[in-house]
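Asker: final_20.csv is reproduced below (CSV, C-alpha atoms).
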```csv
chain,number,residue,atom,x,y,z
A,8,MET,CA,4.1,-27.7,31.8
A,9,THR,CA,5.3,-29.3,28.5
A,10,ILE,CA,5.2,-27.4,25.3
A,11,PRO,CA,4.3,-29.5,22.1
A,12,ASP,CA,7.1,-30.8,19.9
A,13,GLN,CA,7.5,-29.9,16.2
A,14,ASP,CA,5.5,-32.9,14.9
A,15,THR,CA,2.5,-31.9,17.0
A,16,ILE,CA,2.8,-28.3,15.9
A,17,ILE,CA,3.1,-29.3,12.2
A,18,GLN,CA,0.1,-31.6,12.6
A,19,ALA,CA,-1.9,-28.7,14.0
A,20,LEU,CA,-0.9,-26.5,11.1
A,21,THR,CA,-2.3,-28.9,8.5
A,22,ALA,CA,-5.7,-27.5,9.6
A,23,VAL,CA,-4.7,-24.1,8.2
A,24,GLN,CA,-5.6,-23.5,4.6
A,25,ASP,CA,-4.3,-20.9,2.2
A,26,PRO,CA,-7.6,-19.1,1.4
A,27,GLU,CA,-6.6,-18.6,-2.3
A,28,LEU,CA,-5.0,-21.9,-3.1
A,29,HIS,CA,-7.4,-24.0,-0.9
A,30,GLN,CA,-4.7,-26.3,0.4
A,31,ASP,CA,-3.2,-26.5,3.8
A,32,ILE,CA,0.0,-24.5,4.4
A,33,VAL,CA,2.0,-27.6,5.3
A,34,SER,CA,1.5,-29.4,2.0
A,35,LEU,CA,2.1,-26.1,0.2
A,36,GLN,CA,5.5,-26.0,1.9
A,37,MET,CA,4.7,-22.5,3.3
A,38,VAL,CA,5.9,-23.5,6.8
A,39,LYS,CA,9.6,-22.8,6.6
A,40,ASP,CA,10.7,-22.8,10.3
A,41,ILE,CA,9.4,-23.5,13.7
A,42,GLU,CA,11.2,-22.4,16.9
A,43,ILE,CA,10.1,-23.5,20.3
A,44,GLU,CA,11.2,-21.6,23.4
A,45,GLU,CA,9.6,-22.4,26.7
A,46,THR,CA,5.9,-21.4,26.2
A,47,LYS,CA,6.5,-19.5,22.9
A,48,ILE,CA,6.2,-20.8,19.4
A,49,THR,CA,7.7,-18.8,16.5
A,50,VAL,CA,6.5,-19.9,13.0
A,51,THR,CA,8.1,-18.6,9.8
A,52,ILE,CA,5.6,-18.6,6.9
A,53,GLU,CA,6.7,-18.1,3.2
A,54,LEU,CA,3.9,-16.5,1.2
A,55,THR,CA,3.6,-16.6,-2.6
A,56,THR,CA,3.6,-12.8,-2.7
A,57,PRO,CA,4.5,-10.1,-0.3
A,58,ALA,CA,1.2,-8.4,-1.4
A,59,CYS,CA,-0.9,-11.3,-0.1
A,60,PRO,CA,-4.3,-9.8,0.7
A,61,LEU,CA,-5.2,-12.6,3.1
A,62,ARG,CA,-2.2,-12.7,5.3
A,63,GLU,CA,-4.2,-11.5,8.3
A,64,THR,CA,-6.6,-14.4,7.7
A,65,ILE,CA,-3.8,-16.9,7.6
A,66,GLU,CA,-2.3,-15.4,10.8
A,67,ASN,CA,-5.6,-15.6,12.7
A,68,ASP,CA,-6.1,-19.2,11.6
A,69,ILE,CA,-2.5,-20.2,12.7
A,70,ARG,CA,-3.1,-18.7,16.2
A,71,GLU,CA,-6.5,-20.4,16.4
A,72,VAL,CA,-4.9,-23.9,16.0
A,73,LEU,CA,-1.7,-23.3,18.0
A,74,LEU,CA,-2.8,-21.3,21.1
A,75,PRO,CA,-5.2,-24.1,22.4
A,76,LEU,CA,-2.2,-26.6,22.5
A,77,ASP,CA,-1.1,-27.5,26.0
A,78,GLY,CA,1.7,-25.3,27.2
A,79,VAL,CA,1.5,-22.7,24.4
A,80,GLU,CA,1.1,-19.1,25.7
A,81,VAL,CA,2.6,-17.1,22.9
A,82,VAL,CA,2.5,-17.5,19.1
A,83,ALA,CA,4.8,-15.3,17.0
A,84,LEU,CA,4.8,-15.2,13.2
A,85,GLU,CA,7.6,-14.2,10.9
A,86,TRP,CA,6.8,-13.7,7.2
A,87,THR,CA,8.9,-14.2,4.0
A,88,ALA,CA,7.8,-14.3,0.4
A,89,GLN,CA,9.0,-16.0,-2.8
A,90,VAL,CA,7.4,-14.9,-6.0
A,91,LYS,CA,7.6,-17.5,-8.7
A,92,ALA,CA,8.0,-16.7,-12.3
A,93,SER,CA,5.5,-17.2,-15.1
A,94,VAL,CA,6.3,-19.9,-17.5
A,95,PRO,CA,6.6,-18.8,-21.2
A,96,ARG,CA,5.0,-20.6,-24.1
A,97,GLU,CA,7.2,-22.1,-26.8
A,98,ASP,CA,7.0,-19.1,-29.0
A,99,GLN,CA,7.6,-16.6,-26.3
A,100,LYS,CA,10.9,-15.1,-25.1
A,101,VAL,CA,11.6,-14.8,-21.4
A,102,VAL,CA,12.2,-11.2,-20.3
A,103,GLU,CA,15.5,-11.5,-18.4
A,104,GLY,CA,15.3,-10.3,-14.8
A,105,VAL,CA,11.5,-10.3,-14.7
A,106,ALA,CA,9.3,-12.9,-13.0
A,107,ASN,CA,5.8,-11.8,-13.9
A,108,ILE,CA,4.3,-9.3,-16.3
A,109,ILE,CA,1.0,-7.6,-15.7
A,110,ALA,CA,-0.7,-5.8,-18.5
A,111,VAL,CA,-3.0,-2.9,-17.7
A,112,ALA,CA,-5.3,-2.1,-20.6
A,113,SER,CA,-8.5,-0.5,-21.9
A,114,ASN,CA,-9.9,-0.2,-25.4
A,115,LYS,CA,-10.8,3.4,-24.8
A,116,GLY,CA,-8.7,6.4,-23.8
A,117,GLY,CA,-9.5,8.7,-20.9
A,118,VAL,CA,-10.6,6.0,-18.5
A,119,GLY,CA,-7.6,6.5,-16.1
A,120,LYS,CA,-5.6,3.5,-17.3
A,121,SER,CA,-2.3,5.1,-16.6
A,122,THR,CA,-3.5,6.2,-13.2
A,123,VAL,CA,-4.5,2.7,-12.3
A,124,ALA,CA,-1.2,1.2,-13.7
A,125,THR,CA,0.9,3.7,-11.7
A,126,ASN,CA,-0.9,3.2,-8.4
A,127,LEU,CA,-0.9,-0.6,-8.8
A,128,ALA,CA,2.8,-0.6,-9.3
A,129,VAL,CA,3.4,1.7,-6.3
A,130,ALA,CA,1.1,-0.4,-4.1
A,131,LEU,CA,2.9,-3.6,-5.0
A,132,ALA,CA,6.2,-2.0,-4.3
A,133,ALA,CA,4.9,-0.7,-0.9
A,134,SER,CA,4.0,-4.3,0.0
A,135,GLY,CA,7.7,-5.3,-0.4
A,136,ALA,CA,7.6,-6.6,-3.9
A,137,LYS,CA,10.3,-5.6,-6.4
A,138,THR,CA,8.2,-3.8,-9.0
A,139,ALA,CA,8.7,-2.0,-12.3
A,140,ILE,CA,6.5,-0.3,-14.8
A,141,ILE,CA,6.9,0.2,-18.6
A,142,ASP,CA,5.1,3.1,-20.3
A,143,ALA,CA,4.1,1.3,-23.5
A,144,ASP,CA,1.7,4.0,-24.5
A,145,ILE,CA,4.3,5.1,-27.1
A,146,THR,CA,2.4,8.0,-28.7
A,147,GLY,CA,1.1,9.4,-25.4
A,148,PRO,CA,3.6,8.6,-22.6
A,149,ASN,CA,2.1,9.9,-19.3
A,150,ILE,CA,3.9,7.8,-16.8
A,151,PRO,CA,6.9,10.2,-16.3
A,152,THR,CA,4.5,12.9,-15.2
A,153,MET,CA,2.7,10.6,-12.8
A,154,PHE,CA,6.0,9.6,-11.2
A,155,GLY,CA,7.3,13.2,-11.1
A,156,LEU,CA,10.0,12.5,-13.7
A,157,PRO,CA,10.8,15.2,-16.3
A,158,ALA,CA,10.3,14.5,-19.9
A,159,GLY,CA,13.5,14.0,-21.9
A,160,LEU,CA,15.6,13.3,-18.8
A,161,GLN,CA,17.6,10.7,-20.7
A,162,ALA,CA,17.6,12.4,-24.1
A,163,GLU,CA,21.3,12.9,-23.9
A,164,ASN,CA,22.1,9.4,-22.6
A,165,THR,CA,24.1,7.5,-25.2
A,166,GLU,CA,23.4,4.2,-23.4
A,167,GLY,CA,19.7,4.2,-24.2
A,168,LEU,CA,16.8,3.8,-21.8
A,169,ARG,CA,17.5,2.7,-18.3
A,170,PRO,CA,15.1,2.3,-15.4
A,171,ILE,CA,14.7,5.2,-12.9
A,172,ASP,CA,13.7,4.4,-9.3
A,173,LYS,CA,10.8,6.4,-8.0
A,174,HIS,CA,8.5,5.6,-5.1
A,175,GLY,CA,10.1,2.2,-5.0
A,176,VAL,CA,9.3,1.4,-8.6
A,177,GLN,CA,11.7,1.0,-11.5
A,178,VAL,CA,10.2,3.2,-14.2
A,179,VAL,CA,10.9,3.1,-18.0
A,180,SER,CA,9.2,5.3,-20.6
A,181,LEU,CA,9.9,6.4,-24.1
A,182,GLY,CA,9.1,9.9,-22.7
A,183,PHE,CA,12.5,9.8,-21.0
A,184,LEU,CA,14.0,10.3,-24.5
A,185,LEU,CA,11.6,13.0,-25.7
A,186,PRO,CA,11.5,16.6,-24.8
A,187,LYS,CA,8.2,17.8,-23.4
A,188,GLY,CA,5.6,18.3,-26.1
A,189,THR,CA,7.4,16.3,-28.8
A,190,PRO,CA,4.9,14.1,-30.7
A,191,VAL,CA,5.6,10.5,-31.7
A,192,VAL,CA,4.2,10.0,-35.2
A,193,TRP,CA,4.8,6.3,-35.8
A,194,ARG,CA,3.0,3.6,-37.7
A,195,GLY,CA,1.8,0.4,-36.1
A,196,PRO,CA,4.9,-1.8,-36.9
A,197,MET,CA,7.2,0.8,-35.4
A,198,ILE,CA,5.1,0.8,-32.2
A,199,GLY,CA,5.3,-3.0,-32.0
A,200,SER,CA,9.0,-2.9,-32.4
A,201,ALA,CA,9.4,-0.3,-29.7
A,202,VAL,CA,7.4,-2.4,-27.2
A,203,ARG,CA,9.7,-5.4,-28.0
A,204,GLN,CA,12.7,-3.2,-27.2
A,205,LEU,CA,11.2,-1.9,-24.0
A,206,LEU,CA,10.7,-5.5,-22.9
A,207,HIS,CA,14.0,-7.1,-23.9
A,208,ASP,CA,16.6,-4.3,-24.3
A,209,VAL,CA,16.2,-2.7,-20.8
A,210,ALA,CA,18.5,-4.1,-18.1
A,211,TRP,CA,16.0,-5.5,-15.6
A,212,GLU,CA,17.2,-7.2,-12.5
A,213,GLY,CA,15.2,-9.1,-9.8
A,214,ILE,CA,11.8,-7.7,-10.8
A,215,GLU,CA,9.0,-9.7,-9.4
A,216,TYR,CA,6.1,-7.7,-11.0
A,217,LEU,CA,6.5,-5.7,-14.2
A,218,ILE,CA,3.4,-3.5,-14.9
A,219,ILE,CA,2.9,-2.6,-18.6
A,220,ASP,CA,0.7,0.5,-19.2
A,221,LEU,CA,-0.6,-0.3,-22.7
A,222,PRO,CA,-2.0,2.2,-25.2
A,223,PRO,CA,-5.8,2.2,-25.6
A,224,GLY,CA,-7.2,0.0,-28.3
A,225,THR,CA,-6.4,-3.4,-29.8
A,226,SER,CA,-3.1,-2.2,-31.3
A,227,ASP,CA,0.2,-3.5,-32.4
A,228,ALA,CA,1.6,-2.8,-28.9
A,229,SER,CA,-0.8,-5.2,-27.2
A,230,MET,CA,-0.3,-7.9,-29.8
A,231,SER,CA,3.5,-7.6,-29.9
A,232,MET,CA,3.6,-7.7,-26.1
A,233,ALA,CA,1.4,-10.8,-25.9
A,234,GLN,CA,3.4,-12.6,-28.6
A,235,GLU,CA,6.8,-11.6,-27.3
A,236,ALA,CA,6.7,-12.3,-23.6
A,237,PRO,CA,4.9,-14.5,-21.0
A,238,ILE,CA,2.2,-12.2,-19.8
A,239,ALA,CA,0.9,-13.4,-16.4
A,240,GLY,CA,-2.4,-11.7,-17.0
A,241,ALA,CA,-4.2,-8.5,-17.9
A,242,VAL,CA,-6.2,-5.9,-15.8
A,243,ILE,CA,-8.9,-4.2,-17.8
A,244,VAL,CA,-9.8,-0.6,-16.8
A,245,SER,CA,-13.3,0.9,-17.5
A,246,THR,CA,-15.5,3.7,-16.2
A,247,PRO,CA,-19.2,2.9,-15.5
A,248,GLN,CA,-20.8,4.4,-18.6
A,249,ASP,CA,-22.0,2.1,-21.4
A,250,VAL,CA,-19.6,3.3,-24.1
A,251,SER,CA,-16.6,2.6,-21.9
A,252,LEU,CA,-17.9,-0.8,-20.9
A,253,GLU,CA,-18.4,-1.8,-24.6
A,254,ASP,CA,-14.8,-1.0,-25.3
A,255,ALA,CA,-13.6,-2.7,-22.2
A,256,MET,CA,-15.4,-5.9,-23.2
A,257,LYS,CA,-13.6,-5.7,-26.6
A,258,ALA,CA,-10.3,-5.5,-24.7
A,259,VAL,CA,-11.2,-8.7,-22.7
A,260,SER,CA,-12.0,-10.4,-26.0
A,261,MET,CA,-8.7,-9.4,-27.5
A,262,PHE,CA,-6.7,-10.8,-24.6
A,263,GLU,CA,-8.7,-14.1,-24.7
A,264,LYS,CA,-7.8,-14.4,-28.4
A,265,LEU,CA,-4.2,-13.8,-27.6
A,266,ASP,CA,-4.4,-16.5,-24.9
A,267,VAL,CA,-3.6,-14.1,-22.1
A,268,PRO,CA,-5.5,-14.6,-18.8
A,269,VAL,CA,-7.7,-11.7,-17.8
A,270,PHE,CA,-7.4,-11.1,-14.0
A,271,GLY,CA,-10.5,-9.0,-14.0
A,272,MET,CA,-12.0,-5.6,-14.5
A,273,VAL,CA,-11.5,-2.3,-12.5
A,274,GLU,CA,-14.2,0.4,-12.4
A,275,ASN,CA,-12.5,3.7,-12.3
A,276,MET,CA,-14.3,7.0,-11.5
A,277,SER,CA,-16.9,4.8,-9.9
A,278,TYR,CA,-18.6,7.4,-7.6
A,279,PHE,CA,-18.0,10.7,-5.9
A,280,VAL,CA,-18.5,11.5,-2.2
A,281,ALA,CA,-19.1,15.2,-1.6
A,282,PRO,CA,-16.6,16.2,1.2
A,283,ASP,CA,-19.0,18.8,2.7
A,284,THR,CA,-22.2,16.6,2.9
A,285,GLY,CA,-21.0,13.0,2.6
A,286,VAL,CA,-23.6,12.5,-0.2
A,287,THR,CA,-22.5,10.0,-2.9
A,288,TYR,CA,-23.0,10.9,-6.5
A,289,ASP,CA,-22.8,8.4,-9.4
A,290,ILE,CA,-21.5,11.0,-11.9
A,291,PHE,CA,-20.8,8.4,-14.7
A,292,GLY,CA,-23.2,5.8,-13.4
A,293,HIS,CA,-22.2,3.0,-11.1
A,294,GLY,CA,-21.8,-0.8,-11.1
A,295,GLY,CA,-21.5,-1.2,-14.8
A,296,ALA,CA,-18.1,-2.7,-14.7
A,297,LYS,CA,-19.2,-5.3,-12.2
A,298,LYS,CA,-22.2,-6.2,-14.3
A,299,ALA,CA,-20.0,-6.5,-17.4
A,300,ALA,CA,-17.4,-8.7,-15.5
A,301,ASP,CA,-20.2,-11.0,-14.4
A,302,GLU,CA,-21.5,-11.2,-18.0
A,303,LEU,CA,-18.0,-12.1,-19.3
A,304,GLY,CA,-17.3,-14.6,-16.5
A,305,ILE,CA,-14.3,-12.7,-15.2
A,306,ASP,CA,-13.5,-11.3,-11.7
A,307,PHE,CA,-14.5,-7.8,-10.7
A,308,LEU,CA,-11.4,-6.4,-9.0
A,309,GLY,CA,-12.8,-3.3,-7.4
A,310,GLU,CA,-14.0,0.3,-7.8
A,311,ILE,CA,-12.0,3.5,-7.6
A,312,PRO,CA,-13.9,6.6,-6.5
A,313,ILE,CA,-13.4,10.1,-7.9
A,314,GLU,CA,-11.2,11.9,-5.4
A,315,PRO,CA,-9.3,15.2,-5.9
A,316,ALA,CA,-6.2,13.5,-4.3
A,317,ILE,CA,-5.9,11.2,-7.3
A,318,ARG,CA,-5.7,14.1,-9.7
A,319,GLU,CA,-3.5,16.1,-7.4
A,320,GLY,CA,-1.1,13.2,-6.9
A,321,ALA,CA,-0.9,12.5,-10.7
A,322,ASP,CA,-0.1,16.2,-11.5
A,323,ARG,CA,2.5,16.4,-8.7
A,324,GLY,CA,4.1,13.1,-9.5
A,325,VAL,CA,3.1,11.6,-6.1
A,326,PRO,CA,0.6,8.8,-6.6
A,327,VAL,CA,-2.4,8.7,-4.3
A,328,VAL,CA,-1.2,5.5,-2.6
A,329,VAL,CA,1.7,7.6,-1.4
A,330,ASN,CA,0.1,11.1,-1.2
A,331,ALA,CA,-3.1,10.1,0.6
A,332,GLN,CA,-2.7,6.6,2.0
A,333,ASP,CA,-5.8,6.7,4.1
A,334,SER,CA,-8.1,7.8,1.3
A,335,ASP,CA,-10.7,5.4,-0.1
A,336,SER,CA,-9.0,5.4,-3.5
A,337,ALA,CA,-5.6,4.5,-2.0
A,338,LYS,CA,-7.2,1.7,-0.1
A,339,ALA,CA,-8.9,0.5,-3.2
A,340,PHE,CA,-5.7,0.5,-5.2
A,341,THR,CA,-3.9,-1.5,-2.5
A,342,GLN,CA,-6.7,-4.0,-2.3
A,343,ILE,CA,-6.7,-4.5,-6.1
A,344,ALA,CA,-2.9,-4.9,-6.2
A,345,GLY,CA,-3.2,-7.6,-3.6
A,346,SER,CA,-5.9,-9.4,-5.5
A,347,VAL,CA,-3.9,-9.3,-8.7
A,348,ALA,CA,-0.8,-10.7,-7.0
A,349,ALA,CA,-3.0,-13.5,-5.4
A,350,ARG,CA,-4.4,-14.4,-8.8
A,351,ILE,CA,-0.9,-14.8,-10.2
A,352,SER,CA,-0.1,-17.2,-7.4
A,353,VAL,CA,-3.3,-19.2,-8.1
A,354,LEU,CA,-2.6,-19.4,-11.8
A,355,GLN,CA,0.9,-20.6,-11.2
A,356,ARG,CA,-0.3,-23.2,-8.8
A,357,MET,CA,-2.8,-24.5,-11.3
A,358,ASN,CA,-0.1,-24.8,-14.0
A,359,ILE,CA,2.3,-26.9,-11.8
```
Give the structure from the file, written as structure tokens.

Answerer:
Amino acid sequence: MTIPDQDTIIQALTAVQDPELHQDIVSLQMVKDIEIEETKITVTIELTTPACPLRETIENDIREVLLPLDGVEVVALEWTAQVKASVPREDQKVVEGVANIIAVASNKGGVGKSTVATNLAVALAASGAKTAIIDADITGPNIPTMFGLPAGLQAENTEGLRPIDKHGVQVVSLGFLLPKGTPVVWRGPMIGSAVRQLLHDVAWEGIEYLIIDLPPGTSDASMSMAQEAPIAGAVIVSTPQDVSLEDAMKAVSMFEKLDVPVFGMVENMSYFVAPDTGVTYDIFGHGGAKKAADELGIDFLGEIPIEPAIREGADRGVPVVVNAQDSDSAKAFTQIAGSVAARISVLQRMNI
């Protein structure tokens, strides 16, 4: 029995397409190595992100084209990933040590924006991506609490803010410098200046995805960030009710005016499933964010249910994607994180 040679294997692999980029994996140079050993073929595939949501699809397609070849009995796959960096515009300054920046925003407080930002960051880190998060909600920094980090932990540090590693994520927040309960009473220009410093004065190293938890509203923080750095795109967080959706649509409009791509919209607090009966309740309505996304011509990234584990995790500093990995909300966050990473890859491919 003769096993196929490399040329035959590569030719077969040209039939496998990346589901997001819609090109075959050979022309995309995703096939990095092929090892042939008796009746076994080992293929090394390089993904554009370790958080690729369609890796299983690619794997199944590869097996489908290789296993029917004469002499092939076993197909093994090895995976690597190389995350490419976003390209800045002429008036933007590269954030040293950071490949891609993802803004998480809303135009209204209380929709769970920081919860979404936190869990997206942890989900990306869990996939193997080098991830960081900036708490740019200067006047209401909640990220330290959500990561279980005490307020003011760097207040005595003479070297300024530095990232703290928690749950695999490099975390930076102005809250590290402020004792608990200390208010930040700043005017808009000061907030914009603080965001610039958080971006450029922190020593980042090898970060593939930097999540920025923006303050609510169309503020100086959002404008400064978009003007200062190459933002790969924005995730807009809303709840189902009409007043939140109206504000979310304004946030979409703001980013479009700032020439920042909008990856899509997330519906937080989408529904509640009673644990004792299994009955689903739409406490704040349901499906409004998807309808708004359709009207705006942007993607609907997913819906996050109301689950006690989300609140418990936030209060204890253990995000739900760590605290309750099998919960519906954790699965939703993981799926959304993969979708966002995939959209970055698609945008970068389109800009080549």

Asker: Can you pull out the residues contacting Gln161 (chain A)? Cut-off 7 Å, using only C-alpha atoms, and skip same-chain residues under 2 positions away; I want them as an NGL selection string.

Answerer: :A and (159 or 163-164 or 183-184)

Asker: Take CA of Asp306 (chain A) and CA of Ile108 (chain A) and report the distance between them in Å, one decimal.

Answerer: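 CA of Ile108 (chain A) lies at a distance of 18.5 Å from CA of Asp306 (chain A).
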
Asker: Select all residues near (6.5, -28.5, 29.5) (cut-off 8 Å, inclusive, file coordinates), counting only C-alpha atoms, and output them as a ChimeraX atom specification.

Answerer: /A:8-11,45-46,78

Asker: Nearest to Ser251 (chain A): which of A:Gly117, A:Pro312, A:Pro148, A:Pro222 is it, counting all atoms listed in the file?

Answerer: A:Gly117

Asker: Contacts of Asp220 (chain A) at 7 Å or less, counting all atoms listed in the file, minus same-chain residues fewer than 6 places along, as a PDB file with C-alpha atoms, in the coordinates of the input?

Answerer:
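As a result, part31.pdb now contains:
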```pdb
ATOM      1  CA  ALA A 110      -0.700  -5.800 -18.500  1.00  0.00           C
ATOM      2  CA  VAL A 111      -3.000  -2.900 -17.700  1.00  0.00           C
ATOM      3  CA  ALA A 112      -5.300  -2.100 -20.600  1.00  0.00           C
ATOM      4  CA  SER A 121      -2.300   5.100 -16.600  1.00  0.00           C
ATOM      5  CA  ALA A 124      -1.200   1.200 -13.700  1.00  0.00           C
ATOM      6  CA  ILE A 141       6.900   0.200 -18.600  1.00  0.00           C
ATOM      7  CA  ASP A 142       5.100   3.100 -20.300  1.00  0.00           C
ATOM      8  CA  ALA A 143       4.100   1.300 -23.500  1.00  0.00           C
ATOM      9  CA  ASP A 144       1.700   4.000 -24.500  1.00  0.00           C
TER      10      ASP A 144
END
```

Asker: Could you state the separation of CA of Ile317 (chain A) and CA of Lys137 (chain A) in Å, given to one decimal place?

Answerer: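 Taking CA of Ile317 (chain A) as the start and CA of Lys137 (chain A) as the end point, the length is 23.4 Å.
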
Asker: For Val269 (chain A), find every residue with an atom within 7 Å (counting only C-alpha atoms), except residues of its own chain fewer than 4 positions away, and show them as a list in words.

Answerer: Gly240, Ala241, Val242, Val259 and Phe262 of chain A

Asker: Between CA of Ala239 (chain A) and CA of Glu215 (chain A), what is the distance in Å, rounded to a tenth?

Answerer: 11.3 Å

Asker: I'd like to know which of A:Tyr288, A:Trp86, A:Phe279, A:Phe340 is closest to Pro315 (chain A), using only C-alpha atoms.

Answerer: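 Under the stated criterion, the closest residue is A:Phe279.
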
Asker: If we count all atoms listed in the file and set the cut-off at 12 Å, which residues sit around Leu160 (chain A), ignoring sequence neighbours fewer than 4 positions away in its own chain? Please answer as a PDB file with C-alpha atoms, in the frame of the given file.

Answerer:
```pdb
ATOM      1  CA  PRO A 151       6.900  10.200 -16.300  1.00  0.00           C
ATOM      2  CA  THR A 152       4.500  12.900 -15.200  1.00  0.00           C
ATOM      3  CA  GLY A 155       7.300  13.200 -11.100  1.00  0.00           C
ATOM      4  CA  LEU A 156      10.000  12.500 -13.700  1.00  0.00           C
ATOM      5  CA  ASN A 164      22.100   9.400 -22.600  1.00  0.00           C
ATOM      6  CA  GLY A 167      19.700   4.200 -24.200  1.00  0.00           C
ATOM      7  CA  LEU A 168      16.800   3.800 -21.800  1.00  0.00           C
ATOM      8  CA  ARG A 169      17.500   2.700 -18.300  1.00  0.00           C
ATOM      9  CA  PRO A 170      15.100   2.300 -15.400  1.00  0.00           C
ATOM     10  CA  ILE A 171      14.700   5.200 -12.900  1.00  0.00           C
ATOM     11  CA  VAL A 179      10.900   3.100 -18.000  1.00  0.00           C
ATOM     12  CA  SER A 180       9.200   5.300 -20.600  1.00  0.00           C
ATOM     13  CA  LEU A 181       9.900   6.400 -24.100  1.00  0.00           C
ATOM     14  CA  GLY A 182       9.100   9.900 -22.700  1.00  0.00           C
ATOM     15  CA  PHE A 183      12.500   9.800 -21.000  1.00  0.00           C
ATOM     16  CA  LEU A 184      14.000  10.300 -24.500  1.00  0.00           C
ATOM     17  CA  LEU A 185      11.600  13.000 -25.700  1.00  0.00           C
ATOM     18  CA  PRO A 186      11.500  16.600 -24.800  1.00  0.00           C
ATOM     19  CA  LYS A 187       8.200  17.800 -23.400  1.00  0.00           C
TER      20      LYS A 187
END
```

Asker: Determine the axis-aligned bounding box of all atoms of region 122-141 of chain A present in the file, pad each side by 8 Å, and express its centre and edge lengths in Å to one decimal place as AutoDock Vina command-line options.

Answerer:
```
--center_x 2.9 --center_y -0.2 --center_z -9.3 --size_x 30.8 --size_y 28.8 --size_z 34.6
```

Asker: My list of candidates is A:Phe270, A:Phe291, A:Tyr278, A:Phe307. Which is closest to Ser352 (chain A) when distances are computed with only C-alpha atoms?

Answerer: A:Phe270

Asker: Which residue gives the smallest distance to Ala210 (chain A) among A:Gly309, A:Pro157, A:Gly104, A:Pro247, with all atoms listed in the file counted?

Answerer: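 Among the listed residues, the smallest separation from Ala210 (chain A) belongs to A:Gly104.
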
Asker: Generate N, CA and C atoms for region 268-280 of chain A and emit them as a compact mmCIF listing (two decimals), in the frame of the given file.

Answerer:
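Generated file (result00.txt):
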```
# COMPACT_ATOMS: atom_id res chain seq x y z
N PRO A 268 -4.45 -14.62 -19.88
CA PRO A 268 -5.50 -14.60 -18.80
C PRO A 268 -5.90 -13.18 -18.48
N VAL A 269 -7.17 -12.99 -18.23
CA VAL A 269 -7.70 -11.70 -17.80
C VAL A 269 -7.94 -11.80 -16.28
N PHE A 270 -7.18 -11.05 -15.49
CA PHE A 270 -7.40 -11.10 -14.00
C PHE A 270 -8.71 -10.56 -13.62
N GLY A 271 -9.20 -9.57 -14.35
CA GLY A 271 -10.50 -9.00 -14.00
C GLY A 271 -10.59 -7.55 -14.45
N MET A 272 -11.67 -6.92 -14.03
CA MET A 272 -12.00 -5.60 -14.50
C MET A 272 -12.03 -4.62 -13.26
N VAL A 273 -11.52 -3.40 -13.50
CA VAL A 273 -11.50 -2.30 -12.50
C VAL A 273 -12.48 -1.23 -12.97
N GLU A 274 -13.36 -0.76 -12.09
CA GLU A 274 -14.20 0.40 -12.40
C GLU A 274 -13.61 1.63 -11.84
N ASN A 275 -13.04 2.46 -12.71
CA ASN A 275 -12.50 3.70 -12.30
C ASN A 275 -13.52 4.82 -12.37
N MET A 276 -13.31 5.91 -11.60
CA MET A 276 -14.30 7.00 -11.50
C MET A 276 -15.67 6.47 -11.19
N SER A 277 -15.70 5.56 -10.22
CA SER A 277 -16.90 4.80 -9.90
C SER A 277 -17.99 5.65 -9.25
N TYR A 278 -17.59 6.56 -8.35
CA TYR A 278 -18.60 7.40 -7.60
C TYR A 278 -17.81 8.57 -7.02
N PHE A 279 -18.55 9.54 -6.55
CA PHE A 279 -18.00 10.70 -5.90
C PHE A 279 -18.71 10.99 -4.61
N VAL A 280 -17.95 11.15 -3.52
CA VAL A 280 -18.50 11.50 -2.20
C VAL A 280 -18.24 12.96 -1.94
```
